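Below: final25.pdb (PDB, C-alpha atoms and all ligand atoms)
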ATOM      1  CA  MET A  18      -6.545   0.073 -18.375  1.00  0.00           C
ATOM      2  CA  ARG A  19      -4.409  -1.476 -15.753  1.00  0.00           C
ATOM      3  CA  SER A  20      -6.648  -0.024 -13.063  1.00  0.00           C
ATOM      4  CA  LYS A  21      -9.651  -1.885 -14.404  1.00  0.00           C
ATOM      5  CA  ARG A  22      -7.713  -5.075 -14.651  1.00  0.00           C
ATOM      6  CA  ALA A  23      -6.116  -4.998 -11.233  1.00  0.00           C
ATOM      7  CA  GLY A  24      -8.482  -2.925  -9.107  1.00  0.00           C
ATOM      8  CA  PRO A  25      -7.992   0.237  -7.103  1.00  0.00           C
ATOM      9  CA  ILE A  26      -4.913   1.242  -5.153  1.00  0.00           C
ATOM     10  CA  LEU A  27      -5.152   2.705  -1.674  1.00  0.00           C
ATOM     11  CA  VAL A  28      -2.359   4.976  -0.439  1.00  0.00           C
ATOM     12  CA  VAL A  29      -2.122   5.501   3.340  1.00  0.00           C
ATOM     13  CA  GLU A  30       0.312   8.278   4.140  1.00  0.00           C
ATOM     14  CA  ASP A  31       0.141  11.166   6.623  1.00  0.00           C
ATOM     15  CA  ASN A  32       2.832  13.259   4.946  1.00  0.00           C
ATOM     16  CA  PRO A  33       0.945  15.559   2.543  1.00  0.00           C
ATOM     17  CA  ILE A  34       3.856  15.983   0.147  1.00  0.00           C
ATOM     18  CA  ASN A  35       4.444  12.249  -0.162  1.00  0.00           C
ATOM     19  CA  LEU A  36       0.731  11.599  -0.445  1.00  0.00           C
ATOM     20  CA  LYS A  37       0.371  14.115  -3.257  1.00  0.00           C
ATOM     21  CA  LEU A  38       3.407  12.708  -5.036  1.00  0.00           C
ATOM     22  CA  LEU A  39       2.190   9.110  -4.805  1.00  0.00           C
ATOM     23  CA  LYS A  40      -1.310   9.974  -5.880  1.00  0.00           C
ATOM     24  CA  LEU A  41      -0.065  11.904  -8.898  1.00  0.00           C
ATOM     25  CA  LEU A  42       2.448   9.240  -9.859  1.00  0.00           C
ATOM     26  CA  LEU A  43      -0.109   6.422  -9.783  1.00  0.00           C
ATOM     27  CA  THR A  44      -2.950   8.412 -11.338  1.00  0.00           C
ATOM     28  CA  VAL A  45      -0.726   9.241 -14.310  1.00  0.00           C
ATOM     29  CA  GLU A  46      -0.147   5.490 -14.702  1.00  0.00           C
ATOM     30  CA  GLY A  47      -3.900   4.993 -15.051  1.00  0.00           C
ATOM     31  CA  TYR A  48      -4.661   3.529 -11.643  1.00  0.00           C
ATOM     32  CA  ASP A  49      -7.792   4.275  -9.652  1.00  0.00           C
ATOM     33  CA  VAL A  50      -6.130   5.828  -6.599  1.00  0.00           C
ATOM     34  CA  HIS A  51      -7.744   6.319  -3.194  1.00  0.00           C
ATOM     35  CA  VAL A  52      -6.007   8.042  -0.297  1.00  0.00           C
ATOM     36  CA  ALA A  53      -6.155   8.004   3.496  1.00  0.00           C
ATOM     37  CA  THR A  54      -4.065  10.021   5.932  1.00  0.00           C
ATOM     38  CA  ASP A  55      -4.358   7.730   8.935  1.00  0.00           C
ATOM     39  CA  ALA A  56      -5.361   4.199   9.930  1.00  0.00           C
ATOM     40  CA  GLU A  57      -8.886   5.066  11.022  1.00  0.00           C
ATOM     41  CA  HIS A  58      -9.537   6.763   7.708  1.00  0.00           C
ATOM     42  CA  ALA A  59      -8.124   3.760   5.845  1.00  0.00           C
ATOM     43  CA  LEU A  60     -10.294   1.295   7.799  1.00  0.00           C
ATOM     44  CA  GLU A  61     -13.339   3.427   7.077  1.00  0.00           C
ATOM     45  CA  LEU A  62     -12.595   3.369   3.328  1.00  0.00           C
ATOM     46  CA  LEU A  63     -11.957  -0.379   3.438  1.00  0.00           C
ATOM     47  CA  LYS A  64     -15.512  -1.048   4.553  1.00  0.00           C
ATOM     48  CA  LYS A  65     -16.432  -0.545   0.914  1.00  0.00           C
ATOM     49  CA  LEU A  66     -13.207  -0.372  -1.041  1.00  0.00           C
ATOM     50  CA  ARG A  67     -11.576  -3.591  -2.294  1.00  0.00           C
ATOM     51  CA  PRO A  68      -8.121  -2.453  -3.364  1.00  0.00           C
ATOM     52  CA  ALA A  69      -5.754  -4.705  -5.275  1.00  0.00           C
ATOM     53  CA  LEU A  70      -2.833  -3.060  -3.527  1.00  0.00           C
ATOM     54  CA  ILE A  71      -2.236  -0.818  -0.522  1.00  0.00           C
ATOM     55  CA  LEU A  72       0.822   1.392  -0.325  1.00  0.00           C
ATOM     56  CA  MET A  73       1.218   2.206   3.349  1.00  0.00           C
ATOM     57  CA  ASP A  74       3.442   4.436   5.402  1.00  0.00           C
ATOM     58  CA  ILE A  75       4.512   2.659   8.597  1.00  0.00           C
ATOM     59  CA  GLN A  76       4.771   5.807  10.705  1.00  0.00           C
ATOM     60  CA  LEU A  77       1.212   7.061  10.993  1.00  0.00           C
ATOM     61  CA  PRO A  78      -0.384   9.174  13.717  1.00  0.00           C
ATOM     62  CA  GLY A  79      -2.380   7.004  16.126  1.00  0.00           C
ATOM     63  CA  MET A  80      -2.441   3.391  14.981  1.00  0.00           C
ATOM     64  CA  ASP A  81       0.783   2.690  13.080  1.00  0.00           C
ATOM     65  CA  GLY A  82       1.137   0.882   9.766  1.00  0.00           C
ATOM     66  CA  LEU A  83       2.229  -2.375  11.387  1.00  0.00           C
ATOM     67  CA  GLU A  84      -0.977  -2.641  13.367  1.00  0.00           C
ATOM     68  CA  LEU A  85      -3.083  -1.454  10.455  1.00  0.00           C
ATOM     69  CA  ALA A  86      -1.595  -4.089   8.130  1.00  0.00           C
ATOM     70  CA  ARG A  87      -2.261  -6.775  10.748  1.00  0.00           C
ATOM     71  CA  LYS A  88      -5.882  -5.691  11.056  1.00  0.00           C
ATOM     72  CA  ILE A  89      -6.424  -5.631   7.303  1.00  0.00           C
ATOM     73  CA  LYS A  90      -4.854  -9.038   6.693  1.00  0.00           C
ATOM     74  CA  ALA A  91      -6.949 -10.514   9.490  1.00  0.00           C
ATOM     75  CA  ARG A  92     -10.079  -9.782   7.477  1.00  0.00           C
ATOM     76  CA  ARG A  93     -11.217 -12.509   5.164  1.00  0.00           C
ATOM     77  CA  SER A  94     -12.392  -9.896   2.641  1.00  0.00           C
ATOM     78  CA  HIS A  95      -8.942  -8.332   2.388  1.00  0.00           C
ATOM     79  CA  ARG A  96      -6.665 -11.308   2.768  1.00  0.00           C
ATOM     80  CA  GLN A  97      -5.669 -11.187  -0.899  1.00  0.00           C
ATOM     81  CA  VAL A  98      -4.624  -7.553  -0.936  1.00  0.00           C
ATOM     82  CA  ILE A  99      -0.960  -6.764  -1.513  1.00  0.00           C
ATOM     83  CA  ILE A 100       0.339  -4.395   1.159  1.00  0.00           C
ATOM     84  CA  VAL A 101       3.574  -2.566   0.465  1.00  0.00           C
ATOM     85  CA  ALA A 102       5.147  -0.603   3.313  1.00  0.00           C
ATOM     86  CA  ILE A 103       6.723   2.776   2.786  1.00  0.00           C
ATOM     87  CA  THR A 104       9.365   3.308   5.384  1.00  0.00           C
ATOM     88  CA  ALA A 105      12.047   5.845   6.117  1.00  0.00           C
ATOM     89  CA  TYR A 106      13.968   3.378   8.211  1.00  0.00           C
ATOM     90  CA  ALA A 107      16.694   1.245   6.887  1.00  0.00           C
ATOM     91  CA  MET A 108      17.106  -0.089  10.390  1.00  0.00           C
ATOM     92  CA  LYS A 109      17.917  -3.691  11.002  1.00  0.00           C
ATOM     93  CA  GLY A 110      14.860  -5.690  12.020  1.00  0.00           C
ATOM     94  CA  ASP A 111      12.375  -3.385  10.355  1.00  0.00           C
ATOM     95  CA  GLU A 112      11.997  -5.587   7.332  1.00  0.00           C
ATOM     96  CA  GLU A 113      11.205  -8.607   9.488  1.00  0.00           C
ATOM     97  CA  LYS A 114       8.754  -6.612  11.596  1.00  0.00           C
ATOM     98  CA  ALA A 115       6.976  -5.374   8.493  1.00  0.00           C
ATOM     99  CA  LEU A 116       6.801  -8.783   6.858  1.00  0.00           C
ATOM    100  CA  SER A 117       5.525 -10.473  10.008  1.00  0.00           C
ATOM    101  CA  ALA A 118       2.805  -7.809  10.317  1.00  0.00           C
ATOM    102  CA  GLY A 119       1.466  -8.839   6.934  1.00  0.00           C
ATOM    103  CA  PHE A 120       3.268  -6.546   4.543  1.00  0.00           C
ATOM    104  CA  ASP A 121       4.186  -8.246   1.305  1.00  0.00           C
ATOM    105  CA  ASP A 122       7.134  -5.992   0.667  1.00  0.00           C
ATOM    106  CA  TYR A 123       8.484  -2.568   1.484  1.00  0.00           C
ATOM    107  CA  VAL A 124       9.958   0.446  -0.286  1.00  0.00           C
ATOM    108  CA  LEU A 125      12.238   3.027   1.255  1.00  0.00           C
ATOM    109  CA  LYS A 126      11.715   6.756   1.527  1.00  0.00           C
ATOM    110  CA  PRO A 127      12.496   8.977  -0.221  1.00  0.00           C
ATOM    111  CA  ILE A 128      10.238   7.498  -2.905  1.00  0.00           C
ATOM    112  CA  ASP A 129      12.067   6.674  -6.112  1.00  0.00           C
ATOM    113  CA  THR A 130       9.573   8.044  -8.621  1.00  0.00           C
ATOM    114  CA  ARG A 131      11.301   6.373 -11.535  1.00  0.00           C
ATOM    115  CA  SER A 132      11.213   2.829 -10.216  1.00  0.00           C
ATOM    116  CA  LEU A 133       7.937   2.853  -8.253  1.00  0.00           C
ATOM    117  CA  PRO A 134       5.484   2.502 -11.187  1.00  0.00           C
ATOM    118  CA  GLY A 135       7.340  -0.557 -12.487  1.00  0.00           C
ATOM    119  CA  LEU A 136       7.422  -2.047  -9.023  1.00  0.00           C
ATOM    120  CA  ILE A 137       3.674  -1.558  -8.551  1.00  0.00           C
ATOM    121  CA  ALA A 138       2.955  -3.090 -11.953  1.00  0.00           C
ATOM    122  CA  ARG A 139       5.015  -6.157 -11.068  1.00  0.00           C
ATOM    123  CA  TYR A 140       3.173  -6.648  -7.766  1.00  0.00           C
ATOM    124  CA  LEU A 141      -0.174  -6.445  -9.526  1.00  0.00           C
ATOM    125  CA  ASP A 142       0.860  -8.782 -12.332  1.00  0.00           C
ATOM    126  CA  ARG A 143       2.054 -11.279  -9.769  1.00  0.00           C
ATOM    127  CA  GLN A 144      -1.235 -11.061  -7.897  1.00  0.00           C
ATOM    128  CA  GLU A 145      -3.217 -11.500 -11.093  1.00  0.00           C
ATOM    129  CA  ALA A 146      -1.289 -14.660 -11.805  1.00  0.00           C
ATOM    130  CA  HIS A 147      -2.137 -15.945  -8.321  1.00  0.00           C
ATOM    131  CA  THR A 148      -5.835 -15.239  -8.473  1.00  0.00           C
ATOM    132  CA  LYS A 149      -6.339 -16.873 -11.858  1.00  0.00           C
TER
HETATM  133 MN    MN B   1       4.311   9.123   8.309  1.00  0.00          MN
END
Represent the structure from my file as structure tokens, please.
Amino acid sequence: MRSKRAGPILVVEDNPINLKLLKLLLTVEGYDVHVATDAEHALELLKKLRPALILMDIQLPGMDGLELARKIKARRSHRQVIIVAITAYAMKGDEEKALSAGFDDYVLKPIDTRSLPGLIARYLDRQEAHTK
């Protein structure tokens, strides 16, 4: 139900275990979940896909998440999408780097499976409120 209301979610993550976990977690919540394992794959999907939210690993092979987020937000068609970074770093400066690249927020690895669904729902509710 929520998926129809908010639109699809795209997960970009090269780690197969994390990808599987995120896909399962969000599918169980009723979201329409699409996955990509690198930036090129994500950009290919985004030619047609109009996700409400993108959950994106920063450390990707090839083009990293920072550059990918910048590219996506530069497109008029995707300017409204919420991009949430998944990062293993709790290093100082990372948050600023991510936010300046166009990420709306970030979550830390390891993924907290209990709090993530609520977090995603809040992002989508917030976006809905904005677009109305
Ligand atoms: Mn990675």
Atomic separation - atom CA of Glu57 of chain A relative to atom CA of Lys90 of chain A, Å: 15.3 Å
- request: Please write the residues picked by the PyMOL selection byres (((not hetatm)) within 6 of (chain B and resi 1)) on this file as a PyMOL selection string.
  value: chain A and resi 30-32+74+76-77
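Omitting Lys114 of chain A and its sequence neighbours fewer than 2 positions away, and counting only C-alpha atoms, the residues within 12 Å are Ile75, Gly82, Leu83, Glu84, Ala86, Arg87, Ala102, Thr104, Tyr106, Met108, Lys109, Gly110, Asp111, Glu112, Leu116, Ser117, Ala118, Gly119, Phe120, Asp121, Asp122 and Tyr123 of chain A.
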- prompt: Which residues fall under the PyMOL selection byres (((chain A and resi 97-100) around 10) and not hetatm) in this file, as JSON, numbers by chain?
  reply: {"A": [26, 27, 28, 67, 68, 69, 70, 71, 72, 73, 86, 89, 90, 92, 93, 94, 95, 96, 101, 102, 103, 115, 116, 119, 120, 121, 122, 123, 137, 140, 141, 143, 144, 147, 148]}
query: What is the distance, in Å and to one decimal place, between atom CA of Leu133 of chain A and atom CA of Ala91 of chain A?
result: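 One can read the atom CA of Leu133 of chain A to atom CA of Ala91 of chain A distance as 26.7 Å.
If you look at atom CA of Arg139 of chain A and atom CA of Val124 of chain A, they are 13.6 Å away from each other.
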Of the listed residues A:Lys40, A:His51, A:Lys88, A:Arg131, that which approaches Gly24 of chain A most closely, counting all atoms listed in the file: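 Nearest to Gly24 of chain A: A:His51.
Distances here use all atoms listed in the file; by that measure, the residue among A:Glu61, A:Glu113, A:Ala105, A:Val29 closest to Lys126 of chain A is A:Ala105.
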- request: Pick out the residues sitting within 12 Å of Glu46 of chain A, and hand them over as a ChimeraX atom specification; count only C-alpha atoms, and ignore anything fewer than 2 positions along from it in its own chain.
  value: /A:18-20,26,39-44,48-50,130-131,133-135,137-138
